[in-house]
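A.B. asks: What follows is upload_7.pdb; its format and atoms are PDB, C-alpha atoms.
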```pdb
MODEL        1
ATOM      1  CA  MET A   1      21.595 -11.686 -22.718
ATOM      2  CA  THR A   2      22.348 -14.085 -19.893
ATOM      3  CA  VAL A   3      21.926 -11.291 -17.352
ATOM      4  CA  ALA A   4      18.508 -10.427 -18.789
ATOM      5  CA  LEU A   5      17.455 -14.062 -18.457
ATOM      6  CA  VAL A   6      18.627 -14.137 -14.831
ATOM      7  CA  LEU A   7      16.632 -10.994 -14.101
ATOM      8  CA  MET A   8      13.487 -12.406 -15.662
ATOM      9  CA  ALA A   9      13.977 -15.614 -13.668
ATOM     10  CA  ALA A  10      14.105 -13.454 -10.531
ATOM     11  CA  VAL A  11      10.859 -11.792 -11.618
ATOM     12  CA  ALA A  12       9.263 -15.214 -12.101
ATOM     13  CA  LEU A  13      10.401 -16.260  -8.627
ATOM     14  CA  THR A  14       9.039 -13.161  -6.903
ATOM     15  CA  ALA A  15       5.955 -12.481  -9.034
ATOM     16  CA  ALA A  16       4.692 -15.993  -9.773
ATOM     17  CA  ALA A  17       3.098 -16.374  -6.316
ATOM     18  CA  VAL A  18       6.067 -18.226  -4.783
ATOM     19  CA  LEU A  19       7.296 -15.584  -2.364
ATOM     20  CA  PRO A  20       3.950 -13.709  -2.215
ATOM     21  CA  ARG A  21       2.154 -16.887  -1.201
ATOM     22  CA  VAL A  22       4.702 -17.616   1.504
ATOM     23  CA  LEU A  23       4.415 -14.060   2.823
ATOM     24  CA  THR A  24       0.607 -14.165   2.703
ATOM     25  CA  ARG A  25       0.498 -17.352   4.762
ATOM     26  CA  ALA A  26       2.999 -16.066   7.332
ATOM     27  CA  GLY A  27       1.611 -15.096  10.732
ATOM     28  CA  TRP A  28       4.158 -12.499  11.780
ATOM     29  CA  PRO A  29       2.712  -9.596   9.679
ATOM     30  CA  ASP A  30      -0.344  -9.633  11.958
ATOM     31  CA  ARG A  31       1.997  -9.056  14.885
ATOM     32  CA  GLU A  32       3.972  -6.338  13.090
ATOM     33  CA  PRO A  33       1.722  -4.800  10.407
ATOM     34  CA  VAL A  34       4.043  -1.845   9.768
ATOM     35  CA  LEU A  35       6.930  -4.212   9.141
ATOM     36  CA  GLY A  36       4.666  -6.348   6.961
ATOM     37  CA  LEU A  37       3.794  -3.323   4.833
ATOM     38  CA  TRP A  38       7.490  -2.506   4.476
ATOM     39  CA  VAL A  39       8.324  -6.049   3.348
ATOM     40  CA  TRP A  40       5.517  -6.020   0.775
ATOM     41  CA  GLN A  41       6.675  -2.680  -0.596
ATOM     42  CA  CYS A  42      10.249  -3.950  -0.904
ATOM     43  CA  LEU A  43       9.057  -7.133  -2.616
ATOM     44  CA  VAL A  44       7.078  -5.154  -5.190
ATOM     45  CA  ALA A  45      10.013  -2.772  -5.633
ATOM     46  CA  THR A  46      12.269  -5.753  -6.319
ATOM     47  CA  VAL A  47       9.947  -6.965  -9.076
ATOM     48  CA  LEU A  48       9.785  -3.523 -10.656
ATOM     49  CA  VAL A  49      13.564  -3.014 -10.466
ATOM     50  CA  CYS A  50      14.126  -6.443 -12.061
ATOM     51  CA  CYS A  51      11.864  -5.535 -14.959
ATOM     52  CA  LEU A  52      13.438  -2.102 -15.372
ATOM     53  CA  ALA A  53      16.983  -3.500 -15.334
ATOM     54  CA  ALA A  54      16.051  -6.208 -17.856
ATOM     55  CA  LEU A  55      14.454  -3.516 -20.034
ATOM     56  CA  LEU A  56      17.585  -1.376 -20.009
ATOM     57  CA  LEU A  57      19.916  -4.279 -20.713
ATOM     58  CA  GLY A  58      17.677  -5.589 -23.491
ATOM     59  CA  ALA A  59      17.440  -2.125 -25.043
ATOM     60  CA  THR A  60      21.222  -1.685 -25.043
ATOM     61  CA  ALA A  61      21.640  -5.041 -26.774
ATOM     62  CA  ALA A  62      18.819  -4.669 -29.287
ATOM     63  CA  PHE A  63      19.071  -0.992 -30.206
ATOM     64  CA  GLY A  64      22.390   0.619 -31.064
ATOM     65  CA  THR A  65      21.243   4.157 -30.296
ATOM     66  CA  VAL A  66      20.282   3.214 -26.757
ATOM     67  CA  ARG A  67      23.608   1.432 -26.311
ATOM     68  CA  VAL A  68      25.593   4.482 -27.395
ATOM     69  CA  HIS A  69      23.824   6.770 -24.934
ATOM     70  CA  ALA A  70      23.794   4.241 -22.081
ATOM     71  CA  PHE A  71      27.516   3.449 -22.211
ATOM     72  CA  ALA A  72      28.711   6.938 -23.190
ATOM     73  CA  PRO A  73      30.067   7.806 -19.714
ATOM     74  CA  ALA A  74      31.415   4.281 -19.066
ATOM     75  CA  PRO A  75      34.953   3.022 -19.844
ATOM     76  CA  PRO A  76      35.308   0.920 -23.028
ATOM     77  CA  SER A  77      36.008  -2.184 -20.965
ATOM     78  CA  VAL A  78      32.611  -1.876 -19.276
ATOM     79  CA  ALA A  79      30.818  -1.496 -22.616
ATOM     80  CA  ALA A  80      32.701  -4.521 -23.958
ATOM     81  CA  ALA A  81      31.468  -6.611 -20.998
ATOM     82  CA  TYR A  82      27.940  -6.455 -22.374
ATOM     83  CA  PRO A  83      27.307  -8.224 -25.708
ATOM     84  CA  ALA A  84      26.852  -6.022 -28.744
ATOM     85  CA  GLY A  85      25.843  -6.761 -32.300
ATOM     86  CA  PRO A  86      22.646  -8.272 -33.665
ATOM     87  CA  ALA A  87      20.395  -9.326 -30.804
ATOM     88  CA  PRO A  88      18.311 -12.517 -31.023
ATOM     89  CA  GLY A  89      14.669 -12.062 -31.880
ATOM     90  CA  TRP A  90      13.418 -13.220 -28.491
ATOM     91  CA  LEU A  91      15.429 -10.499 -26.743
ATOM     92  CA  THR A  92      13.977  -7.793 -28.977
ATOM     93  CA  VAL A  93      10.457  -9.078 -28.349
ATOM     94  CA  LEU A  94      11.126  -9.244 -24.602
ATOM     95  CA  THR A  95      12.456  -5.699 -24.602
ATOM     96  CA  LEU A  96       9.430  -4.374 -26.444
ATOM     97  CA  LEU A  97       7.096  -6.203 -24.046
ATOM     98  CA  LEU A  98       8.901  -4.749 -21.048
ATOM     99  CA  ALA A  99       8.740  -1.276 -22.583
ATOM    100  CA  CYS A 100       4.998  -1.656 -23.090
ATOM    101  CA  GLY A 101       4.680  -2.898 -19.515
ATOM    102  CA  ALA A 102       6.560   0.131 -18.194
ATOM    103  CA  ALA A 103       4.371   2.522 -20.183
ATOM    104  CA  TRP A 104       1.239   0.702 -19.001
ATOM    105  CA  THR A 105       2.382   0.921 -15.374
ATOM    106  CA  VAL A 106       2.859   4.678 -15.630
ATOM    107  CA  ALA A 107      -0.522   5.033 -17.316
ATOM    108  CA  MET A 108      -2.301   3.015 -14.614
ATOM    109  CA  LEU A 109      -0.650   5.011 -11.828
ATOM    110  CA  ALA A 110      -1.666   8.256 -13.525
ATOM    111  CA  ARG A 111      -5.230   7.011 -13.989
ATOM    112  CA  GLU A 112      -5.490   5.959 -10.337
ATOM    113  CA  LEU A 113      -4.280   9.352  -9.133
ATOM    114  CA  VAL A 114      -6.673  11.215 -11.438
ATOM    115  CA  GLU A 115      -9.593   9.024 -10.370
ATOM    116  CA  ALA A 116      -8.701   9.430  -6.701
ATOM    117  CA  ARG A 117      -8.630  13.191  -7.084
ATOM    118  CA  ARG A 118     -11.992  13.153  -8.862
ATOM    119  CA  ARG A 119     -13.563  10.975  -6.170
ATOM    120  CA  ARG A 120     -12.134  13.223  -3.461
ATOM    121  CA  ARG A 121     -13.635  16.316  -5.076
ATOM    122  CA  LEU A 122     -17.035  14.651  -5.369
ATOM    123  CA  ARG A 123     -16.969  13.536  -1.758
ATOM    124  CA  ARG A 124     -15.959  16.993  -0.558
ATOM    125  CA  ALA A 125     -18.756  18.560  -2.588
ATOM    126  CA  HIS A 126     -21.210  16.051  -1.114
ATOM    127  CA  LEU A 127     -19.976  16.850   2.391
ATOM    128  CA  ARG A 128     -20.420  20.567   1.824
ATOM    129  CA  GLU A 129     -24.049  19.893   0.947
ATOM    130  CA  ARG A 130     -24.626  17.741   4.034
ATOM    131  CA  ALA A 131     -22.655  19.832   6.524
ATOM    132  CA  PRO A 132     -24.854  21.898   8.862
ATOM    133  CA  ASP A 133     -24.556  25.660   8.958
ATOM    134  CA  LEU A 134     -22.476  26.944  11.856
ATOM    135  CA  PRO A 135     -23.204  30.169  13.729
ATOM    136  CA  ASP A 136     -21.574  33.458  12.850
ATOM    137  CA  GLY A 137     -21.218  32.441   9.211
ATOM    138  CA  LEU A 138     -18.373  29.995   9.835
ATOM    139  CA  PRO A 139     -17.693  27.633   6.901
ATOM    140  CA  ALA A 140     -19.138  24.250   7.826
ATOM    141  CA  ALA A 141     -17.143  21.937   5.592
ATOM    142  CA  ARG A 142     -13.664  23.246   6.269
ATOM    143  CA  GLY A 143     -11.126  22.451   8.934
ATOM    144  CA  PRO A 144      -9.530  19.212  10.136
ATOM    145  CA  LEU A 145     -12.760  17.907  11.743
ATOM    146  CA  LEU A 146     -16.266  17.873  10.293
ATOM    147  CA  VAL A 147     -19.379  16.780  12.208
ATOM    148  CA  LEU A 148     -22.377  15.663  10.141
ATOM    149  CA  GLU A 149     -25.991  15.482  11.293
ATOM    150  CA  ASP A 150     -26.718  11.795  10.749
ATOM    151  CA  GLU A 151     -28.247   9.097  12.958
ATOM    152  CA  TYR A 152     -26.033   6.554  11.214
ATOM    153  CA  PRO A 153     -22.913   6.102  13.409
ATOM    154  CA  ASP A 154     -19.840   6.452  11.261
ATOM    155  CA  ALA A 155     -16.408   8.056  11.125
ATOM    156  CA  TRP A 156     -13.901   8.162   8.299
ATOM    157  CA  LEU A 157     -10.922  10.016   6.920
ATOM    158  CA  LEU A 158     -11.093  12.054   3.747
ATOM    159  CA  PRO A 159      -7.485  11.982   2.439
ATOM    160  CA  GLY A 160      -5.803  14.684   0.442
ATOM    161  CA  PRO A 161      -3.347  17.554   0.870
ATOM    162  CA  ALA A 162      -5.367  18.607   3.945
ATOM    163  CA  PRO A 163      -6.850  15.395   5.442
ATOM    164  CA  GLN A 164     -10.229  15.843   7.064
ATOM    165  CA  LEU A 165     -11.835  13.705   9.752
ATOM    166  CA  VAL A 166     -15.584  13.230   9.358
ATOM    167  CA  VAL A 167     -17.741  12.081  12.292
ATOM    168  CA  THR A 168     -21.510  11.763  12.384
ATOM    169  CA  THR A 169     -23.668  12.857  15.311
ATOM    170  CA  GLY A 170     -24.822   9.240  15.599
ATOM    171  CA  ALA A 171     -21.239   8.219  16.374
ATOM    172  CA  LEU A 172     -20.898  11.041  18.895
ATOM    173  CA  ARG A 173     -24.006   9.838  20.732
ATOM    174  CA  ARG A 174     -23.051   6.169  20.663
ATOM    175  CA  LEU A 175     -19.346   6.434  21.560
ATOM    176  CA  SER A 176     -17.882   7.444  24.888
ATOM    177  CA  ASP A 177     -15.203  10.109  25.016
ATOM    178  CA  HIS A 178     -12.413   7.518  25.218
ATOM    179  CA  GLU A 179     -13.899   5.469  22.388
ATOM    180  CA  LEU A 180     -14.205   8.587  20.240
ATOM    181  CA  ASP A 181     -10.539   9.356  20.955
ATOM    182  CA  ALA A 182      -9.666   5.837  19.780
ATOM    183  CA  VAL A 183     -11.595   6.304  16.522
ATOM    184  CA  LEU A 184      -9.921   9.639  15.865
ATOM    185  CA  ALA A 185      -6.487   8.187  16.700
ATOM    186  CA  HIS A 186      -7.154   5.342  14.245
ATOM    187  CA  GLU A 187      -7.998   7.742  11.429
ATOM    188  CA  LEU A 188      -5.109  10.049  12.284
ATOM    189  CA  GLY A 189      -2.838   7.008  12.080
ATOM    190  CA  HIS A 190      -3.947   6.543   8.478
ATOM    191  CA  ALA A 191      -3.327  10.215   7.715
ATOM    192  CA  ARG A 192       0.122  10.418   9.297
ATOM    193  CA  ALA A 193       1.350   7.236   7.601
ATOM    194  CA  ARG A 194      -0.118   8.361   4.247
ATOM    195  CA  HIS A 195      -1.816   5.033   3.787
ATOM    196  CA  ASP A 196      -3.910   6.496   0.980
ATOM    197  CA  TRP A 197      -0.841   6.699  -1.272
ATOM    198  CA  LEU A 198       0.033   3.087  -0.560
ATOM    199  CA  LEU A 199      -3.532   2.019  -1.315
ATOM    200  CA  HIS A 200      -3.497   3.928  -4.614
ATOM    201  CA  LEU A 201      -0.217   2.269  -5.634
ATOM    202  CA  SER A 202      -1.411  -1.237  -4.802
ATOM    203  CA  GLN A 203      -4.741  -0.684  -6.551
ATOM    204  CA  ALA A 204      -3.088   0.692  -9.695
ATOM    205  CA  LEU A 205      -0.682  -2.249  -9.994
ATOM    206  CA  ALA A 206      -3.396  -4.836  -9.343
ATOM    207  CA  ALA A 207      -5.756  -3.201 -11.844
ATOM    208  CA  GLY A 208      -3.052  -2.862 -14.476
ATOM    209  CA  PHE A 209      -1.734  -6.415 -14.108
ATOM    210  CA  PRO A 210      -4.603  -8.527 -12.748
ATOM    211  CA  ARG A 211      -2.919 -11.806 -13.711
ATOM    212  CA  VAL A 212       0.295 -11.079 -11.804
ATOM    213  CA  PRO A 213      -0.171 -12.682  -8.358
ATOM    214  CA  VAL A 214       2.291 -10.489  -6.499
ATOM    215  CA  PHE A 215       0.319  -7.342  -7.309
ATOM    216  CA  ALA A 216      -3.033  -8.903  -6.369
ATOM    217  CA  HIS A 217      -1.616 -10.115  -3.048
ATOM    218  CA  PHE A 218       0.007  -6.719  -2.504
ATOM    219  CA  ARG A 219      -3.363  -4.967  -2.883
ATOM    220  CA  ASP A 220      -5.226  -7.385  -0.600
ATOM    221  CA  GLN A 221      -2.569  -7.403   2.097
ATOM    222  CA  THR A 222      -2.173  -3.631   1.973
ATOM    223  CA  HIS A 223      -5.890  -3.101   2.615
ATOM    224  CA  ARG A 224      -5.681  -5.460   5.590
ATOM    225  CA  LEU A 225      -2.390  -4.363   7.106
ATOM    226  CA  VAL A 226      -3.083  -0.623   7.006
ATOM    227  CA  GLU A 227      -6.135  -1.231   9.195
ATOM    228  CA  LEU A 228      -4.118  -3.313  11.637
ATOM    229  CA  ALA A 229      -1.425  -0.637  11.750
ATOM    230  CA  ALA A 230      -4.024   2.064  12.460
ATOM    231  CA  ASP A 231      -5.571  -0.150  15.155
ATOM    232  CA  ASP A 232      -2.162  -0.397  16.812
ATOM    233  CA  THR A 233      -1.785   3.378  16.695
ATOM    234  CA  ALA A 234      -5.149   3.822  18.417
ATOM    235  CA  SER A 235      -4.539   1.075  20.974
ATOM    236  CA  ARG A 236      -1.177   2.520  22.007
ATOM    237  CA  ARG A 237      -2.890   5.817  22.766
ATOM    238  CA  CYS A 238      -6.269   4.708  24.113
ATOM    239  CA  GLY A 239      -5.846   1.050  25.012
ATOM    240  CA  HIS A 240      -6.710  -2.189  23.253
ATOM    241  CA  ARG A 241     -10.069  -2.688  24.979
ATOM    242  CA  THR A 242     -11.267   0.851  24.290
ATOM    243  CA  THR A 243     -10.315   0.572  20.613
ATOM    244  CA  ALA A 244     -12.104  -2.781  20.304
ATOM    245  CA  LEU A 245     -15.248  -1.367  21.946
ATOM    246  CA  ALA A 246     -15.178   1.605  19.567
ATOM    247  CA  LEU A 247     -15.054  -0.760  16.569
ATOM    248  CA  ILE A 248     -17.920  -2.789  17.973
ATOM    249  CA  GLU A 249     -20.096   0.268  18.591
ATOM    250  CA  LEU A 250     -19.485   1.661  15.113
ATOM    251  CA  ASN A 251     -20.252  -1.616  13.365
ATOM    252  CA  ARG A 252     -22.841  -3.335  15.556
ATOM    253  CA  HIS A 253     -25.765  -2.057  13.491
ATOM    254  CA  ARG A 254     -24.273  -3.542  10.307
ATOM    255  CA  GLY A 255     -24.759  -7.073  11.591
ATOM    256  CA  VAL A 256     -21.180  -8.084  10.826
ATOM    257  CA  LEU A 257     -20.652  -9.243  14.411
ATOM    258  CA  SER A 258     -23.738 -11.463  14.650
ATOM    259  CA  CYS A 259     -23.457 -15.226  14.933
ATOM    260  CA  ALA A 260     -25.220 -15.625  11.580
ATOM    261  CA  CYS A 261     -22.525 -13.604   9.825
ATOM    262  CA  THR A 262     -19.288 -15.252   8.795
ATOM    263  CA  ARG A 263     -16.404 -13.721  10.653
ATOM    264  CA  GLY A 264     -14.411 -11.416   8.408
ATOM    265  CA  GLN A 265     -11.671  -8.867   8.742
ATOM    266  CA  LEU A 266     -13.541  -6.807  11.335
ATOM    267  CA  GLY A 267     -14.017  -9.805  13.616
ATOM    268  CA  ASP A 268     -10.344 -10.679  13.296
ATOM    269  CA  ARG A 269      -9.389  -7.096  14.141
ATOM    270  CA  ILE A 270     -11.538  -7.115  17.277
ATOM    271  CA  GLU A 271     -10.147 -10.456  18.423
ATOM    272  CA  ARG A 272      -6.629  -9.166  17.820
ATOM    273  CA  LEU A 273      -7.333  -6.083  19.935
ATOM    274  CA  LEU A 274      -8.895  -8.065  22.778
ATOM    275  CA  ALA A 275      -6.037 -10.595  22.752
ATOM    276  CA  PRO A 276      -3.072  -8.684  21.296
ATOM    277  CA  PRO A 277      -0.318 -10.950  19.973
ATOM    278  CA  PRO A 278       3.210 -10.429  21.295
ATOM    279  CA  ARG A 279       5.495  -8.258  19.223
ATOM    280  CA  LEU A 280       8.506  -9.700  17.446
ATOM    281  CA  ASP A 281      11.890  -9.405  19.088
ATOM    282  CA  ALA A 282      13.832  -6.255  18.249
ATOM    283  CA  PRO A 283      16.732  -8.152  16.573
ATOM    284  CA  TYR A 284      14.241 -10.042  14.381
ATOM    285  CA  ARG A 285      12.511  -6.803  13.379
ATOM    286  CA  ALA A 286      15.827  -5.143  12.579
ATOM    287  CA  ALA A 287      17.058  -8.114  10.539
ATOM    288  CA  THR A 288      13.801  -8.319   8.580
ATOM    289  CA  THR A 289      13.810  -4.584   7.909
ATOM    290  CA  LEU A 290      17.392  -4.696   6.646
ATOM    291  CA  ALA A 291      16.859  -7.795   4.507
ATOM    292  CA  ALA A 292      13.772  -6.262   2.889
ATOM    293  CA  ALA A 293      15.608  -2.988   2.224
ATOM    294  CA  LEU A 294      18.482  -4.839   0.543
ATOM    295  CA  ALA A 295      16.212  -6.970  -1.674
ATOM    296  CA  PRO A 296      15.720  -4.285  -4.393
ATOM    297  CA  LEU A 297      19.496  -3.968  -4.646
ATOM    298  CA  ILE A 298      19.895  -7.599  -5.745
ATOM    299  CA  PRO A 299      18.689  -7.039  -9.350
ATOM    300  CA  LEU A 300      20.973  -4.010  -9.584
ATOM    301  CA  LEU A 301      23.956  -6.135  -8.546
ATOM    302  CA  ILE A 302      22.936  -8.778 -11.095
ATOM    303  CA  ALA A 303      22.677  -6.166 -13.854
ATOM    304  CA  LEU A 304      26.006  -4.582 -12.905
ATOM    305  CA  GLY A 305      27.733  -7.942 -12.418
ATOM    306  CA  PRO A 306      29.651  -7.961 -15.747
ATOM    307  CA  ALA A 307      30.787  -4.359 -15.243
ATOM    308  CA  LEU A 308      31.929  -5.005 -11.664
ATOM    309  CA  LYS A 309      33.802  -8.106 -12.801
ATOM    310  CA  VAL A 310      35.691  -6.113 -15.431
ATOM    311  CA  LEU A 311      36.506  -3.256 -13.082
ATOM    312  CA  ASN A 312      37.856  -5.620 -10.479
TER     313      ASN A 312
ENDMDL
END
```
As structure tokens - that is how I would like this structure written.

C.D. replies:
Amino acid sequence: MTVALVLMAAVALTAAAVLPRVLTRAGWPDREPVLGLWVWQCLVATVLVCCLAALLLGATAAFGTVRVHAFAPAPPSVAAAYPAGPAPGWLTVLTLLLACGAAWTVAMLARELVEARRRRRLRRAHLRERAPDLPDGLPAARGPLLVLEDEYPDAWLLPGPAPQLVVTTGALRRLSDHELDAVLAHELGHARARHDWLLHLSQALAAGFPRVPVFAHFRDQTHRLVELAADDTASRRCGHRTTALALIELNRHRGVLSCACTRGQLGDRIERLLAPPPRLDAPYRAATTLAAALAPLIPLLIALGPALKVLN
């Protein structure tokens, strides 16, 4: 029972906007967006592992059948380290709430994946209607690259098992060859890193638990950091200035860069490309990566603490 309380206290510390707020206000993720994404994933994983461990411990204390199956392969001394007998009412209620939360999480992830697949099918069908006919009967809407007849300059990635890059003829006319390479490198960076899966996960958690700050911050920061990471991929291949010019050309007609428009994420991205911040030192990156990777193990050590104490 004490271990379950410690785990829930850890959840409160990580999910109640203490650590998420500190991480959101930090400046180093803008310098290392890939590392920032990794830290956010590990933070969310820590919260989920805490809840899962508390659920398992609460179930073993509140329900005898679960206890028998959970401790069947363990030595008797390990089973004796965890309290048995009638569980207090608050622990039973907590266990049931955590079980409902786990089922709701799975349901929201499933719904997000189904909706994403439906949206992808609709977009592909719409593209097949808009795609021009190619000579010799070639299929117009298949292949890794699709060019659409449209004066509106735009380029985007259609994710899926076979990602497809879509570019309009307006973008081809407005962008130079190097700027077009930067746009394609940006979108390919999204595809290779499978950013769509990370976006689906963050959206599902934020939609399922809108009042949990860590999930809301995770969604917002994921949407921002994946763009910065893709910008870095493009700038390493085509240069910072070329990538910034490509962003400007693709978005100038939207008015988001005018003086009358409040500077948003796009303006920040362009400023970051024109004046790239220095990267973090390699030892700092390695230490942060290792610390983030070890964070989800902390709730496991807390949950296994009584067993490890007995075995030692």

A.B. asks: Written as a ChimeraX atom specification, which residues does the PyMOL selection byres ((chain A and resi 147) around 7) give for the file shown?

C.D. replies: /A:145-146,148-149,166-169

A.B. asks: Please provide as a CSV table (one decimal) with C-alpha atoms, in the coordinates of the input all residues within 12 Å of Ala182 (chain A), with the sequence filter that same-chain residues fewer than 4 positions apart are discarded (counting all atoms listed in the file).

C.D. replies:
```csv
chain,number,residue,atom,x,y,z
A,155,ALA,CA,-16.4,8.1,11.1
A,175,LEU,CA,-19.3,6.4,21.6
A,176,SER,CA,-17.9,7.4,24.9
A,177,ASP,CA,-15.2,10.1,25.0
A,178,HIS,CA,-12.4,7.5,25.2
A,186,HIS,CA,-7.2,5.3,14.2
A,187,GLU,CA,-8.0,7.7,11.4
A,188,LEU,CA,-5.1,10.0,12.3
A,189,GLY,CA,-2.8,7.0,12.1
A,230,ALA,CA,-4.0,2.1,12.5
A,231,ASP,CA,-5.6,-0.2,15.2
A,232,ASP,CA,-2.2,-0.4,16.8
A,233,THR,CA,-1.8,3.4,16.7
A,234,ALA,CA,-5.1,3.8,18.4
A,235,SER,CA,-4.5,1.1,21.0
A,236,ARG,CA,-1.2,2.5,22.0
A,237,ARG,CA,-2.9,5.8,22.8
A,238,CYS,CA,-6.3,4.7,24.1
A,239,GLY,CA,-5.8,1.0,25.0
A,240,HIS,CA,-6.7,-2.2,23.3
A,241,ARG,CA,-10.1,-2.7,25.0
A,242,THR,CA,-11.3,0.9,24.3
A,243,THR,CA,-10.3,0.6,20.6
A,244,ALA,CA,-12.1,-2.8,20.3
A,245,LEU,CA,-15.2,-1.4,21.9
A,246,ALA,CA,-15.2,1.6,19.6
A,247,LEU,CA,-15.1,-0.8,16.6
A,249,GLU,CA,-20.1,0.3,18.6
A,250,LEU,CA,-19.5,1.7,15.1
```

A.B. asks: For the structure shown, which residues end up in the PyMOL selection byres ((chain A and resi 103-111) around 9)? Put them as a short mmCIF file (atom, residue, chain, number, x, y, z; two decimals) with C-alpha atoms, in the frame of the given file, please?

C.D. replies:
```cif
data_model
loop_
_atom_site.label_atom_id
_atom_site.label_comp_id
_atom_site.auth_asym_id
_atom_site.auth_seq_id
_atom_site.Cartn_x
_atom_site.Cartn_y
_atom_site.Cartn_z
CA LEU A 98 8.90 -4.75 -21.05
CA ALA A 99 8.74 -1.28 -22.58
CA CYS A 100 5.00 -1.66 -23.09
CA GLY A 101 4.68 -2.90 -19.52
CA ALA A 102 6.56 0.13 -18.19
CA GLU A 112 -5.49 5.96 -10.34
CA LEU A 113 -4.28 9.35 -9.13
CA VAL A 114 -6.67 11.22 -11.44
CA GLU A 115 -9.59 9.02 -10.37
CA ALA A 116 -8.70 9.43 -6.70
CA HIS A 200 -3.50 3.93 -4.61
CA LEU A 201 -0.22 2.27 -5.63
CA GLN A 203 -4.74 -0.68 -6.55
CA ALA A 204 -3.09 0.69 -9.70
CA LEU A 205 -0.68 -2.25 -9.99
CA ALA A 207 -5.76 -3.20 -11.84
CA GLY A 208 -3.05 -2.86 -14.48
CA PHE A 209 -1.73 -6.42 -14.11
#
```

A.B. asks: Would you pick out the contacts of Leu280 (chain A) at 12 Å or less, using all atoms listed in the file, so that residues sharing its chain but fewer than 3 positions from it are not included, and give the list as a list in words?

C.D. replies: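 Final neighbour list, sorted by chain and number: Gly27, Trp28, Pro29, Asp30, Arg31, Glu32, Pro33, Val34, Leu35, Gly36, Pro277, Pro283, Tyr284, Arg285, Ala286, Ala287 and Thr288 of chain A.
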
A.B. asks: What does the distance between CA of Val39 (chain A) and CA of Ala293 (chain A) come to in Å, to one decimal place?

C.D. replies: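 Straight-line distance from CA of Val39 (chain A) to CA of Ala293 (chain A) works out to 8.0 Å.
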
A.B. asks: Hey, what's within 9 Å of region 82-97 of chain A if we count only C-alpha atoms and toss same-chain stuff fewer than 3 positions away? As a list of chain:residue names, please?

C.D. replies: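 Here the qualifying residues turn out to be A:Met1, A:Ala4, A:Ala54, A:Leu55, A:Leu56, A:Leu57, A:Gly58, A:Ala59, A:Thr60, A:Ala61, A:Ala62, A:Phe63, A:Gly64, A:Arg67, A:Val78, A:Ala79, A:Cys100, A:Gly101, A:Ala102, A:Pro306, A:Ala307.
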
A.B. asks: Keeping C-alpha atoms, export the residues of the selection given above as a CSV table (one decimal), in the coordinates of the input.

C.D. replies:
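That gives us result.csv:
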```csv
chain,number,residue,atom,x,y,z
A,1,MET,CA,21.6,-11.7,-22.7
A,4,ALA,CA,18.5,-10.4,-18.8
A,54,ALA,CA,16.1,-6.2,-17.9
A,55,LEU,CA,14.5,-3.5,-20.0
A,56,LEU,CA,17.6,-1.4,-20.0
A,57,LEU,CA,19.9,-4.3,-20.7
A,58,GLY,CA,17.7,-5.6,-23.5
A,59,ALA,CA,17.4,-2.1,-25.0
A,60,THR,CA,21.2,-1.7,-25.0
A,61,ALA,CA,21.6,-5.0,-26.8
A,62,ALA,CA,18.8,-4.7,-29.3
A,63,PHE,CA,19.1,-1.0,-30.2
A,64,GLY,CA,22.4,0.6,-31.1
A,67,ARG,CA,23.6,1.4,-26.3
A,78,VAL,CA,32.6,-1.9,-19.3
A,79,ALA,CA,30.8,-1.5,-22.6
A,100,CYS,CA,5.0,-1.7,-23.1
A,101,GLY,CA,4.7,-2.9,-19.5
A,102,ALA,CA,6.6,0.1,-18.2
A,306,PRO,CA,29.7,-8.0,-15.7
A,307,ALA,CA,30.8,-4.4,-15.2
```

A.B. asks: Could you list the residues chosen by the PyMOL selection byres ((chain A and resi 295) around 12) in this structure as a list in words?

C.D. replies: Ala10, Thr14, Trp38, Val39, Trp40, Gln41, Cys42, Leu43, Val44, Ala45, Thr46, Val47, Leu48, Val49, Cys50, Thr288, Thr289, Leu290, Ala291, Ala292, Ala293, Leu294, Pro296, Leu297, Ile298, Pro299, Leu300, Leu301 and Ile302 of chain A
